[in-house]
Structure formats: structure tokens, C-alpha cells
file start26.txt (compact mmCIF, C-alpha atoms and all ligand atoms)
# COMPACT_ATOMS: atom_id res chain seq x y z
CA MET A 1 12.98 57.26 21.74
CA LEU A 2 12.71 59.43 24.82
CA LYS A 3 14.82 58.64 27.81
CA ARG A 4 13.06 58.08 31.12
CA ILE A 5 14.09 59.82 34.30
CA SER A 6 14.07 57.63 37.38
CA THR A 7 14.98 60.15 40.04
CA LEU A 8 15.59 63.83 40.38
CA VAL A 9 18.10 63.52 43.17
CA VAL A 10 21.74 63.05 42.27
CA ALA A 11 24.07 62.32 45.18
CA GLY A 12 26.89 64.70 45.80
CA LEU A 13 25.40 67.68 44.01
CA THR A 14 25.72 71.09 45.57
CA ALA A 15 22.67 73.09 46.56
CA ALA A 16 23.01 75.16 43.41
CA ALA A 17 22.95 72.10 41.19
CA LEU A 18 20.13 70.59 43.18
CA ALA A 19 18.11 73.70 42.47
CA ALA A 20 17.86 72.25 38.97
CA CYS A 21 15.86 69.31 40.17
CA GLY A 22 12.93 70.55 42.24
CA THR A 23 9.34 70.27 41.21
CA GLY A 24 6.72 72.93 40.95
CA GLY A 25 8.81 75.77 42.39
CA SER A 26 8.39 79.37 41.48
CA GLY A 27 11.72 80.02 39.75
CA GLY A 28 14.28 82.42 41.16
CA SER A 29 17.20 80.43 42.46
CA GLY A 30 15.03 77.37 42.94
CA GLY A 31 14.01 74.88 40.30
CA THR A 32 10.82 74.46 38.35
CA GLU A 33 9.38 71.62 36.45
CA GLY A 34 6.72 72.45 33.89
CA GLY A 35 5.18 70.77 30.89
CA GLY A 36 4.10 67.16 30.89
CA SER A 37 4.37 64.55 33.60
CA GLY A 38 7.84 63.43 32.57
CA GLY A 39 6.27 60.29 31.13
CA ASP A 40 6.65 60.50 27.37
CA SER A 41 7.23 64.22 27.18
CA ILE A 42 10.59 65.69 26.21
CA VAL A 43 12.70 66.55 29.26
CA MET A 44 14.81 69.70 28.94
CA GLY A 45 17.51 70.73 31.40
CA PHE A 46 17.86 74.50 31.29
CA SER A 47 20.67 76.37 33.05
CA GLN A 48 19.86 80.06 33.35
CA VAL A 49 22.53 82.72 33.98
CA GLY A 50 20.81 84.21 37.03
CA ALA A 51 18.25 86.87 37.88
CA GLU A 52 20.48 89.89 37.41
CA SER A 53 18.17 92.08 35.33
CA GLY A 54 14.62 92.77 34.20
CA TRP A 55 15.61 91.20 30.88
CA ARG A 56 16.62 87.98 32.61
CA THR A 57 13.38 87.76 34.59
CA ALA A 58 11.39 88.15 31.37
CA ASN A 59 13.57 85.56 29.63
CA THR A 60 13.04 83.01 32.44
CA LYS A 61 9.27 83.58 32.30
CA SER A 62 9.29 83.14 28.52
CA VAL A 63 11.19 79.83 28.74
CA GLN A 64 9.02 78.47 31.56
CA GLU A 65 5.73 79.43 29.89
CA ALA A 66 6.81 78.17 26.48
CA ALA A 67 7.86 74.80 27.94
CA LYS A 68 4.44 74.42 29.54
CA GLN A 69 2.75 75.37 26.30
CA ALA A 70 4.84 72.93 24.28
CA GLY A 71 4.32 70.07 26.77
CA ILE A 72 8.04 69.94 27.51
CA THR A 73 9.13 69.02 31.04
CA LEU A 74 11.55 71.72 32.15
CA ARG A 75 14.26 71.22 34.75
CA PHE A 76 15.33 74.76 35.48
CA SER A 77 18.35 75.99 37.43
CA ASP A 78 19.59 79.49 38.25
CA ALA A 79 23.41 79.73 38.25
CA GLN A 80 23.50 83.05 40.10
CA GLN A 81 25.95 84.44 37.51
CA LYS A 82 28.55 81.74 38.28
CA GLN A 83 30.04 79.53 35.58
CA GLU A 84 30.85 76.75 38.06
CA ASN A 85 27.15 76.51 38.97
CA GLN A 86 26.25 76.17 35.29
CA ILE A 87 28.83 73.44 34.78
CA LYS A 88 27.48 71.54 37.83
CA ALA A 89 23.92 71.91 36.57
CA ILE A 90 24.84 70.65 33.10
CA ARG A 91 26.66 67.67 34.61
CA SER A 92 23.58 66.88 36.71
CA TYR A 93 21.38 67.03 33.61
CA ILE A 94 23.76 64.60 31.90
CA GLN A 95 23.49 62.21 34.88
CA GLN A 96 19.70 62.53 34.79
CA LYS A 97 19.77 61.61 31.08
CA VAL A 98 17.55 64.49 30.02
CA ASP A 99 16.58 64.58 26.34
CA VAL A 100 18.05 67.98 25.60
CA ILE A 101 20.10 70.61 27.44
CA ALA A 102 19.70 74.33 26.84
CA PHE A 103 21.70 77.03 28.54
CA SER A 104 22.59 80.68 28.43
CA PRO A 105 26.33 80.74 29.12
CA VAL A 106 27.34 83.36 31.67
CA VAL A 107 30.74 83.82 29.97
CA GLU A 108 32.00 82.82 26.52
CA SER A 109 34.99 80.60 27.33
CA GLY A 110 35.63 77.43 29.30
CA TRP A 111 32.82 75.19 28.06
CA ASP A 112 34.57 72.61 25.87
CA THR A 113 34.99 69.89 28.52
CA VAL A 114 31.41 69.83 29.77
CA LEU A 115 29.98 70.20 26.25
CA LYS A 116 32.10 67.23 25.18
CA GLU A 117 30.64 65.24 28.11
CA ALA A 118 27.11 66.03 26.88
CA LYS A 119 28.04 65.07 23.32
CA ASP A 120 29.57 61.77 24.50
CA ALA A 121 26.32 61.06 26.37
CA ASN A 122 24.39 61.77 23.13
CA ILE A 123 22.48 64.66 24.69
CA PRO A 124 22.00 67.53 22.25
CA VAL A 125 22.78 71.03 23.51
CA ILE A 126 21.14 74.30 22.39
CA LEU A 127 22.74 77.63 23.27
CA THR A 128 20.21 80.27 24.06
CA ASP A 129 20.75 84.04 24.37
CA ARG A 130 24.57 83.93 24.73
CA ALA A 131 27.31 82.28 22.69
CA VAL A 132 30.37 80.23 23.63
CA ASP A 133 33.75 80.63 21.93
CA SER A 134 34.37 76.87 21.40
CA ALA A 135 36.19 76.21 18.13
CA ASP A 136 34.34 72.90 17.83
CA THR A 137 30.85 73.93 16.81
CA SER A 138 29.70 70.30 16.73
CA LEU A 139 29.48 70.55 20.54
CA TYR A 140 26.07 72.23 20.23
CA LYS A 141 23.22 71.96 17.73
CA SER A 142 22.10 75.56 17.47
CA PHE A 143 22.59 79.01 18.93
CA LEU A 144 19.39 81.04 19.36
CA GLY A 145 19.77 84.68 20.34
CA SER A 146 20.50 88.28 19.44
CA ASP A 147 23.32 89.69 17.36
CA PHE A 148 25.06 91.62 20.13
CA VAL A 149 27.65 93.20 17.80
CA GLU A 150 24.81 94.62 15.76
CA GLU A 151 23.21 95.99 18.95
CA GLY A 152 26.46 97.81 19.81
CA LYS A 153 26.63 99.20 16.28
CA LYS A 154 23.07 100.52 16.50
CA ALA A 155 23.97 102.33 19.74
CA GLY A 156 27.02 103.85 18.04
CA GLN A 157 25.04 104.88 14.96
CA TRP A 158 22.57 106.84 17.07
CA LEU A 159 25.43 108.68 18.74
CA VAL A 160 27.13 109.52 15.45
CA GLU A 161 23.84 110.92 14.12
CA GLU A 162 23.14 112.85 17.34
CA TYR A 163 26.50 114.65 17.20
CA LYS A 164 26.81 114.96 13.42
CA ASP A 165 26.81 118.77 13.50
CA SER A 166 29.31 119.12 16.33
CA SER A 167 33.10 119.17 16.03
CA GLU A 168 33.75 119.23 19.78
CA THR A 169 35.05 116.25 21.72
CA VAL A 170 32.32 113.93 23.03
CA ASN A 171 33.34 112.32 26.33
CA ILE A 172 31.72 108.91 26.77
CA VAL A 173 31.60 106.62 29.80
CA GLU A 174 30.70 102.99 29.27
CA LEU A 175 29.06 100.58 31.72
CA GLN A 176 29.96 97.11 30.47
CA GLY A 177 28.00 93.95 31.13
CA THR A 178 29.44 90.93 32.95
CA THR A 179 33.15 90.58 32.19
CA GLY A 180 33.80 87.85 29.63
CA SER A 181 30.14 87.52 28.60
CA ALA A 182 29.17 87.56 24.93
CA PRO A 183 26.90 90.62 25.24
CA ALA A 184 29.59 92.64 27.05
CA ASN A 185 32.30 91.70 24.55
CA ASP A 186 30.14 92.19 21.46
CA ARG A 187 28.23 95.32 22.49
CA LYS A 188 31.55 96.97 23.33
CA ALA A 189 33.12 95.90 20.02
CA GLY A 190 30.18 96.96 17.83
CA PHE A 191 29.92 100.36 19.50
CA ALA A 192 33.70 100.98 19.33
CA GLU A 193 33.77 100.07 15.65
CA VAL A 194 31.14 102.66 14.72
CA ILE A 195 32.32 105.57 16.87
CA GLY A 196 35.97 104.78 16.07
CA ALA A 197 35.49 106.29 12.62
CA ASP A 198 35.40 109.79 14.18
CA GLN A 199 38.20 111.01 16.48
CA LYS A 200 35.89 113.35 18.38
CA PHE A 201 34.29 110.42 20.23
CA LYS A 202 36.38 109.47 23.26
CA ILE A 203 35.59 106.69 25.73
CA VAL A 204 37.07 108.27 28.87
CA ALA A 205 36.10 105.44 31.24
CA SER A 206 34.78 101.91 30.77
CA GLN A 207 34.07 99.43 33.56
CA THR A 208 31.82 96.49 34.29
CA GLY A 209 28.55 97.01 36.14
CA ASP A 210 27.75 93.27 35.91
CA PHE A 211 24.38 93.97 34.25
CA THR A 212 22.85 94.97 37.62
CA ARG A 213 21.17 98.17 38.77
CA ALA A 214 23.16 98.33 42.02
CA LYS A 215 26.53 97.97 40.28
CA GLY A 216 25.46 100.45 37.59
CA LYS A 217 24.81 103.04 40.28
CA GLU A 218 28.03 102.29 42.15
CA VAL A 219 30.25 102.50 39.06
CA MET A 220 28.50 105.62 37.74
CA ASP A 221 29.05 107.27 41.13
CA ALA A 222 32.78 106.61 40.71
CA PHE A 223 32.76 107.83 37.09
CA LEU A 224 31.10 111.08 38.15
CA LYS A 225 33.74 111.66 40.82
CA ALA A 226 36.67 110.90 38.53
CA GLN A 227 35.44 112.51 35.30
CA PRO A 228 34.54 116.19 35.43
CA ASP A 229 33.04 116.38 31.96
CA ILE A 230 30.85 113.42 30.90
CA ASP A 231 28.68 114.00 27.82
CA VAL A 232 27.33 110.50 27.20
CA LEU A 233 26.73 107.25 29.06
CA TYR A 234 26.58 104.02 27.06
CA ALA A 235 25.23 101.23 29.31
CA HIS A 236 25.16 97.65 28.02
CA ASN A 237 21.71 97.14 29.56
CA ASP A 238 18.74 99.09 30.92
CA ASP A 239 19.27 98.02 34.52
CA MET A 240 22.78 99.49 34.72
CA GLY A 241 21.48 102.61 32.98
CA LEU A 242 18.68 102.92 35.55
CA GLY A 243 21.16 102.57 38.41
CA ALA A 244 23.36 105.20 36.75
CA ILE A 245 20.40 107.58 36.50
CA GLU A 246 20.12 107.49 40.30
CA ALA A 247 23.82 108.35 40.57
CA ILE A 248 23.51 111.19 38.03
CA GLU A 249 20.51 112.67 39.82
CA GLY A 250 22.33 112.26 43.14
CA ALA A 251 25.18 114.32 41.69
CA GLY A 252 22.74 117.11 40.84
CA LYS A 253 22.78 116.52 37.08
CA VAL A 254 19.87 115.88 34.74
CA PRO A 255 19.93 112.47 33.03
CA GLY A 256 19.02 112.66 29.35
CA LYS A 257 20.07 116.33 29.18
CA ASP A 258 23.36 117.02 31.03
CA ILE A 259 24.41 113.46 30.24
CA LYS A 260 22.86 111.66 27.27
CA ILE A 261 22.15 108.01 27.88
CA ILE A 262 22.00 105.04 25.52
CA THR A 263 21.09 101.58 26.83
CA VAL A 264 20.25 98.11 25.48
CA ASP A 265 17.24 95.81 26.22
CA ALA A 266 14.01 97.89 26.19
CA VAL A 267 12.43 96.33 29.29
CA LYS A 268 9.44 98.22 30.73
CA ASP A 269 11.40 100.22 33.34
CA GLY A 270 13.93 101.26 30.71
CA MET A 271 11.17 102.21 28.28
CA GLN A 272 9.47 104.27 31.00
CA ALA A 273 12.72 106.17 31.66
CA LEU A 274 13.07 106.70 27.89
CA ALA A 275 9.51 108.01 27.63
CA ASP A 276 10.22 110.28 30.64
CA GLY A 277 13.26 111.77 28.87
CA LYS A 278 15.84 110.30 31.26
CA ILE A 279 17.24 107.91 28.64
CA ASN A 280 17.77 109.13 25.07
CA TYR A 281 17.82 105.92 23.02
CA ILE A 282 17.36 102.19 23.60
CA VAL A 283 18.48 99.33 21.39
CA GLU A 284 16.10 96.42 21.80
CA CYS A 285 17.28 92.95 22.87
CA SER A 286 14.34 90.56 23.01
CA PRO A 287 14.15 88.11 25.94
CA LEU A 288 11.14 86.28 24.47
CA LEU A 289 13.14 83.30 23.27
CA GLY A 290 11.02 80.55 24.86
CA PRO A 291 8.76 79.55 21.95
CA GLN A 292 11.62 79.35 19.43
CA LEU A 293 13.73 77.40 21.91
CA MET A 294 10.99 74.81 22.40
CA ASP A 295 10.58 74.41 18.61
CA LEU A 296 14.30 73.84 18.22
CA ALA A 297 14.29 71.37 21.11
CA LYS A 298 11.50 69.30 19.58
CA LYS A 299 13.37 69.15 16.29
CA VAL A 300 16.75 68.18 17.71
CA VAL A 301 15.20 65.49 19.91
CA ALA A 302 13.40 64.13 16.83
CA GLY A 303 16.75 64.02 15.02
CA GLU A 304 15.75 66.69 12.53
CA SER A 305 18.29 69.20 11.32
CA VAL A 306 18.09 72.74 12.69
CA PRO A 307 19.84 75.96 11.67
CA ALA A 308 23.21 76.43 13.39
CA ARG A 309 22.29 80.05 14.14
CA VAL A 310 18.89 81.63 14.75
CA VAL A 311 19.10 85.43 15.13
CA THR A 312 16.39 87.25 17.09
CA GLU A 313 14.57 90.09 15.34
CA GLU A 314 14.90 93.41 17.14
CA THR A 315 14.35 97.13 16.76
CA THR A 316 15.40 100.41 18.41
CA PHE A 317 13.42 103.07 20.31
CA THR A 318 13.55 106.85 20.48
CA GLN A 319 11.75 108.74 23.26
CA GLU A 320 8.67 109.26 21.06
CA GLN A 321 8.58 105.62 19.99
CA ALA A 322 8.83 104.51 23.65
CA LYS A 323 5.70 106.52 24.52
CA GLU A 324 3.79 104.71 21.77
CA ALA A 325 5.15 101.24 22.57
CA LEU A 326 4.84 101.33 26.37
CA PRO A 327 1.13 100.51 26.78
CA SER A 328 1.47 97.23 24.90
CA ARG A 329 4.96 96.28 26.09
CA GLN A 330 4.94 92.65 27.29
CA TYR A 331 7.96 92.83 29.59
O1 LIG A 401 22.46 88.22 27.57
C1 LIG A 401 21.50 89.23 27.52
C2 LIG A 401 21.82 90.27 28.55
O2 LIG A 401 21.88 89.69 29.83
C3 LIG A 401 20.80 91.38 28.68
O3 LIG A 401 21.00 92.43 27.83
C4 LIG A 401 21.06 91.80 30.09
O4 LIG A 401 20.07 92.66 30.62
C5 LIG A 401 21.12 90.48 30.73
O5 LIG A 401 21.52 90.47 32.01
call {"tool": "encode", "arguments": {"input": "start26.txt", "output": "C-alpha cells", "more": "lines below"}}
Ligand code: AHR
result
Amino acid sequence: MLKRISTLVVAGLTAAALAACGTGGSGGSGGTEGGGSGGDSIVMGFSQVGAESGWRTANTKSVQEAAKQAGITLRFSDAQQKQENQIKAIRSYIQQKVDVIAFSPVVESGWDTVLKEAKDANIPVILTDRAVDSADTSLYKSFLGSDFVEEGKKAGQWLVEEYKDSSETVNIVELQGTTGSAPANDRKAGFAEVIGADQKFKIVASQTGDFTRAKGKEVMDAFLKAQPDIDVLYAHNDDMGLGAIEAIEGAGKVPGKDIKIITVDAVKDGMQALADGKINYIVECSPLLGPQLMDLAKKVVAGESVPARVVTEETTFTQEQAKEALPSRQY
């Protein structure tokens, strides 16, 4: 039986947590409520990481549209890349007695206490996009999202193939995603595993750019000053890669030629830069998780069993493939 929500206002919540509770907003850092009237429809509390990238914007849109389509009432909050905001939002969803909680954890660790609180309140939790490192996997019902290690491996495989006929050292700089996040940890690990098989590949600098364009530019500026001979940039997402392109051009170098660039995501801006020859290869990470998330939510609320892990299907793009895919790209 569905729980009823009496009020959206929970005393003592911070502004960030309260952003989870508004009605009819337009997203961003505010809250939205879509789907049914809240009467008999499923109520989902969703804590989003933030609005740090084009990928994230597309993911938020996918979740909000899919909730509406599925008749699920969505209580949406934007944590602005802060774990404490996500914990507050989850606690507020528990107090509101929502039917199901979904969230994309900004970092991997530190979730056991709040997940235990949700479990004790009999509210099922679905992880979406990013994983947690909790040893107790009974704290959540399912994890829907990409295989980030695989994405890192695909990036490494392209590089190995690209330099297969060269015996010279390849100097690589790496722009990591948010420190402690699953995609940053896993994309780094997968890439390192593949290129580690050949001594000629050297990561000469690796630093976080927090998945944002501005930070990508700033860190790439510093890399260019400190490293005289960069052959390749591996950026954990398109946005950081796009920021880095500005820095490379500002330094009088040609992105895609003087410095080869590999990124992850395949959002429209990234795909355009790939088609324009400024990026050399993109590993896709799909943000369109909304419909699958709503299916999982309906099942867990109905008490049906769901797979513990649902892996998103993804591809890769060369410059030629980007030109073909761009006109019909959804995000
Ligand atoms: O968790 C997915 C990652 O988060 C995307 O690759 C990145 O763009 C986003 O910020």
C-alpha cells in the first residue's frame, strides 16, 4: 500500500534540503514535482548530484520526463556536488515517508548510516548512475548505471591502437572527475590497467577538474605551464575536455593535432568538438536513465524482485562516427 504524504515542509531542514520539496519548479537547484497528484501515485525522492555538466543536465531531464510519463510523483533535489546536502535530502525523504528513494551518490563512501536509516524505515533505495562502496549490499535494491571501469578501458584501448606503430614515449595528462566519485575512480583504474601493459605510455600529470568546464580549463592551463611536452589529454568527461580545449588554444596549440584528446560522455557539445577534429575519440556514457529507473521503482514498490545491477548499454565514437550521429543526438 502506498504511503500518503501530508506535508512537504519539514521543520529544521536547510535550504538545500528544502529544495527537495517544492512543487512545479523548473529544476536546477530548486525542486520539482512531476507525475501524479500525490494521491495514489508512487512518490519518489530523488537526490541529484548537481548540475556540473551537460551530462548531468540531460540526466535530470531524463529522470523528470520519465517520472511524468510513468505517473510517478517526483520530489527532486540538487545537492550542488555536496555529500552533506544529499544526506540531508535523503533524511528529509525518509521523514516525508516517500515510497522509494533514488539517488546518484556524489562520492562512493560514507553512505552506510543514512542508507541504514532508510532501510529501518522500510523505504527501498535505488542507486542511479553512481555506486556506493557499502559492504552491505542489502542497503539498496538495485544499482542502475554505466560500467565506468569499462569506459576507462575503452579510452585506453583507443590510445594503444592509435600509437601501436610508435616506440616513442607518449606523455599523457589526465583530468579526473570529482575526487572520490565512482566515475573518477573507475575511469582512472580502467584506463591505467590498459595502458599499463606498455611502458611507453606515461601519465605525467593527473588532477581533478571536478567534471566542470571551468575547472577543466584551469587545470589544463596549469598542466600546459608545467609540462613542456604533452602528447595526449585523457579527460573523464566532455565538459572538462571542452574547457581544456580553450586552454590548449589559448596556449597556441591545436587540440586534436598537437595534443590528442580522449573524453567520456558524448554529449552534443563534445560530439560537435569531435566532429570538428578538436577531440579525437569519445567513450559514450548514457545519461538517459529515467525510463529504466521508473520501471525499477514501480517493481520495488510493488515488492517484486529486481536485478541487483543493471548496466547501461553504450558505444564509442570516432570523428567520422560523430559526424553521422550528431544530427539525431538527443542530448
Ligand atoms: O556520473 C556520471 C558523470 O558525472 C558524467 O560522466 C559526468 O559528466 C558527470 O558529471
call {"tool": "closest_atom_pairs", "arguments": {"input": "start26.txt", "of": "chain A", "to": "ligand LIG 401 (chain A)", "cutoff": "7 Å", "atoms": "only C-alpha atoms and all ligand atoms", "output": "JSON lines"}}
result
{"residue": "A:Glu52", "atom": "CA", "partner": "A:LIG401", "partner_atom": "O5", "distance": 5.5}
{"residue": "A:Ser53", "atom": "CA", "partner": "A:LIG401", "partner_atom": "O5", "distance": 5.0}
{"residue": "A:Gly54", "atom": "CA", "partner": "A:LIG401", "partner_atom": "O4", "distance": 6.5}
{"residue": "A:Trp55", "atom": "CA", "partner": "A:LIG401", "partner_atom": "O4", "distance": 4.7}
{"residue": "A:Arg56", "atom": "CA", "partner": "A:LIG401", "partner_atom": "C5", "distance": 5.5}
{"residue": "A:Asp129", "atom": "CA", "partner": "A:LIG401", "partner_atom": "O1", "distance": 5.5}
{"residue": "A:Arg130", "atom": "CA", "partner": "A:LIG401", "partner_atom": "O1", "distance": 5.6}
{"residue": "A:Pro183", "atom": "CA", "partner": "A:LIG401", "partner_atom": "O1", "distance": 5.6}
{"residue": "A:Phe211", "atom": "CA", "partner": "A:LIG401", "partner_atom": "O5", "distance": 5.0}
{"residue": "A:His236", "atom": "CA", "partner": "A:LIG401", "partner_atom": "O3", "distance": 6.7}
{"residue": "A:Asn237", "atom": "CA", "partner": "A:LIG401", "partner_atom": "O4", "distance": 4.9}
{"residue": "A:Asp238", "atom": "CA", "partner": "A:LIG401", "partner_atom": "O4", "distance": 6.6}
{"residue": "A:Asp239", "atom": "CA", "partner": "A:LIG401", "partner_atom": "O4", "distance": 6.7}
{"residue": "A:Val264", "atom": "CA", "partner": "A:LIG401", "partner_atom": "O3", "distance": 6.2}
{"residue": "A:Asp265", "atom": "CA", "partner": "A:LIG401", "partner_atom": "O3", "distance": 5.3}
{"residue": "A:Cys285", "atom": "CA", "partner": "A:LIG401", "partner_atom": "O3", "distance": 6.2}
call {"tool": "residues_around", "arguments": {"input": "start26.txt", "residues": "Thr113 of chain A", "least_positions_apart": "5", "cutoff": "12 Å", "atoms": "all atoms listed in the file", "output": "ChimeraX atom specification"}}
result
/A:87,90-91,118-120,134,136,139
call {"tool": "residues_around", "arguments": {"input": "start26.txt", "residues": "segment 93-105 of chain A", "least_positions_apart": "5", "cutoff": "6 Å", "atoms": "only C-alpha atoms", "output": "VMD selection string"}}
result
chain A and resid 43 to 49 123 to 130
call {"tool": "write_last_selection", "arguments": {"input": "start26.txt", "atoms": "C-alpha atoms", "output": "compact mmCIF listing (two decimals), keeping the file's coordinate frame"}}
result
# COMPACT_ATOMS: atom_id res chain seq x y z
CA VAL A 43 12.70 66.55 29.26
CA MET A 44 14.81 69.70 28.94
CA GLY A 45 17.51 70.73 31.40
CA PHE A 46 17.86 74.50 31.29
CA SER A 47 20.67 76.37 33.05
CA GLN A 48 19.86 80.06 33.35
CA VAL A 49 22.53 82.72 33.98
CA ILE A 123 22.48 64.66 24.69
CA PRO A 124 22.00 67.53 22.25
CA VAL A 125 22.78 71.03 23.51
CA ILE A 126 21.14 74.30 22.39
CA LEU A 127 22.74 77.63 23.27
CA THR A 128 20.21 80.27 24.06
CA ASP A 129 20.75 84.04 24.37
CA ARG A 130 24.57 83.93 24.73
call {"tool": "closest_residue", "arguments": {"input": "start26.txt", "among": "A:Thr316, A:Ser206, A:Ser328, A:Gln81", "to": "Ala222 of chain A", "atoms": "all atoms listed in the file"}}
result
A:Ser206
call {"tool": "closest_residue", "arguments": {"input": "start26.txt", "among": "A:Ala155, A:Asp112, A:Gly196, A:Thr312", "to": "Gly290 of chain A", "atoms": "all atoms listed in the file"}}
result
A:Thr312
call {"tool": "atom_distance", "arguments": {"input": "start26.txt", "atom1": "atom CA of Ile261 of chain A", "atom2": "atom CA of Gln80 of chain A"}}
result
27.8 Å
call {"tool": "decode", "arguments": {"input": "start26.txt", "residues": "segment 206-254 of chain A", "atoms": "C-alpha atoms", "output": "mmCIF file, in the first residue's frame"}}
result
data_model
loop_
_atom_site.group_PDB
_atom_site.id
_atom_site.type_symbol
_atom_site.label_atom_id
_atom_site.label_comp_id
_atom_site.auth_asym_id
_atom_site.auth_seq_id
_atom_site.Cartn_x
_atom_site.Cartn_y
_atom_site.Cartn_z
ATOM 1 C CA SER A 206 46.759 13.777 -13.183
ATOM 2 C CA GLN A 207 44.456 16.111 -11.272
ATOM 3 C CA THR A 208 40.770 16.619 -10.624
ATOM 4 C CA GLY A 209 38.784 19.059 -12.744
ATOM 5 C CA ASP A 210 35.591 18.236 -10.802
ATOM 6 C CA PHE A 211 33.720 17.338 -14.015
ATOM 7 C CA THR A 212 33.280 21.047 -14.885
ATOM 8 C CA ARG A 213 34.325 23.052 -17.922
ATOM 9 C CA ALA A 214 35.780 25.897 -15.831
ATOM 10 C CA LYS A 215 37.945 23.580 -13.725
ATOM 11 C CA GLY A 216 38.997 21.646 -16.832
ATOM 12 C CA LYS A 217 40.312 24.854 -18.360
ATOM 13 C CA GLU A 218 42.026 25.981 -15.163
ATOM 14 C CA VAL A 219 43.806 22.662 -14.575
ATOM 15 C CA MET A 220 44.793 22.282 -18.235
ATOM 16 C CA ASP A 221 46.276 25.795 -18.120
ATOM 17 C CA ALA A 222 48.460 24.636 -15.217
ATOM 18 C CA PHE A 223 49.382 21.371 -16.986
ATOM 19 C CA LEU A 224 50.478 23.307 -20.074
ATOM 20 C CA LYS A 225 52.704 25.562 -17.976
ATOM 21 C CA ALA A 226 54.290 22.708 -16.032
ATOM 22 C CA GLN A 227 54.616 20.105 -18.801
ATOM 23 C CA PRO A 228 56.569 21.099 -21.893
ATOM 24 C CA ASP A 229 55.712 18.033 -23.942
ATOM 25 C CA ILE A 230 52.096 16.800 -23.694
ATOM 26 C CA ASP A 231 51.020 14.295 -26.363
ATOM 27 C CA VAL A 232 47.613 13.242 -25.058
ATOM 28 C CA LEU A 233 44.854 14.512 -22.782
ATOM 29 C CA TYR A 234 42.514 11.969 -21.198
ATOM 30 C CA ALA A 235 39.542 13.830 -19.640
ATOM 31 C CA HIS A 236 36.993 11.895 -17.579
ATOM 32 C CA ASN A 237 34.158 13.860 -19.207
ATOM 33 C CA ASP A 238 33.398 16.049 -22.221
ATOM 34 C CA ASP A 239 32.954 19.239 -20.202
ATOM 35 C CA MET A 240 36.471 19.131 -18.752
ATOM 36 C CA GLY A 241 37.783 18.272 -22.213
ATOM 37 C CA LEU A 242 35.968 21.284 -23.686
ATOM 38 C CA GLY A 243 37.430 23.570 -21.021
ATOM 39 C CA ALA A 244 40.872 22.106 -21.733
ATOM 40 C CA ILE A 245 40.458 22.820 -25.450
ATOM 41 C CA GLU A 246 40.120 26.526 -24.603
ATOM 42 C CA ALA A 247 43.348 26.335 -22.588
ATOM 43 C CA ILE A 248 45.179 24.481 -25.382
ATOM 44 C CA GLU A 249 44.063 27.006 -27.993
ATOM 45 C CA GLY A 250 45.000 29.826 -25.617
ATOM 46 C CA ALA A 251 48.497 28.353 -25.438
ATOM 47 C CA GLY A 252 48.755 28.485 -29.230
ATOM 48 C CA LYS A 253 48.439 24.729 -29.761
ATOM 49 C CA VAL A 254 45.972 22.821 -31.919
#
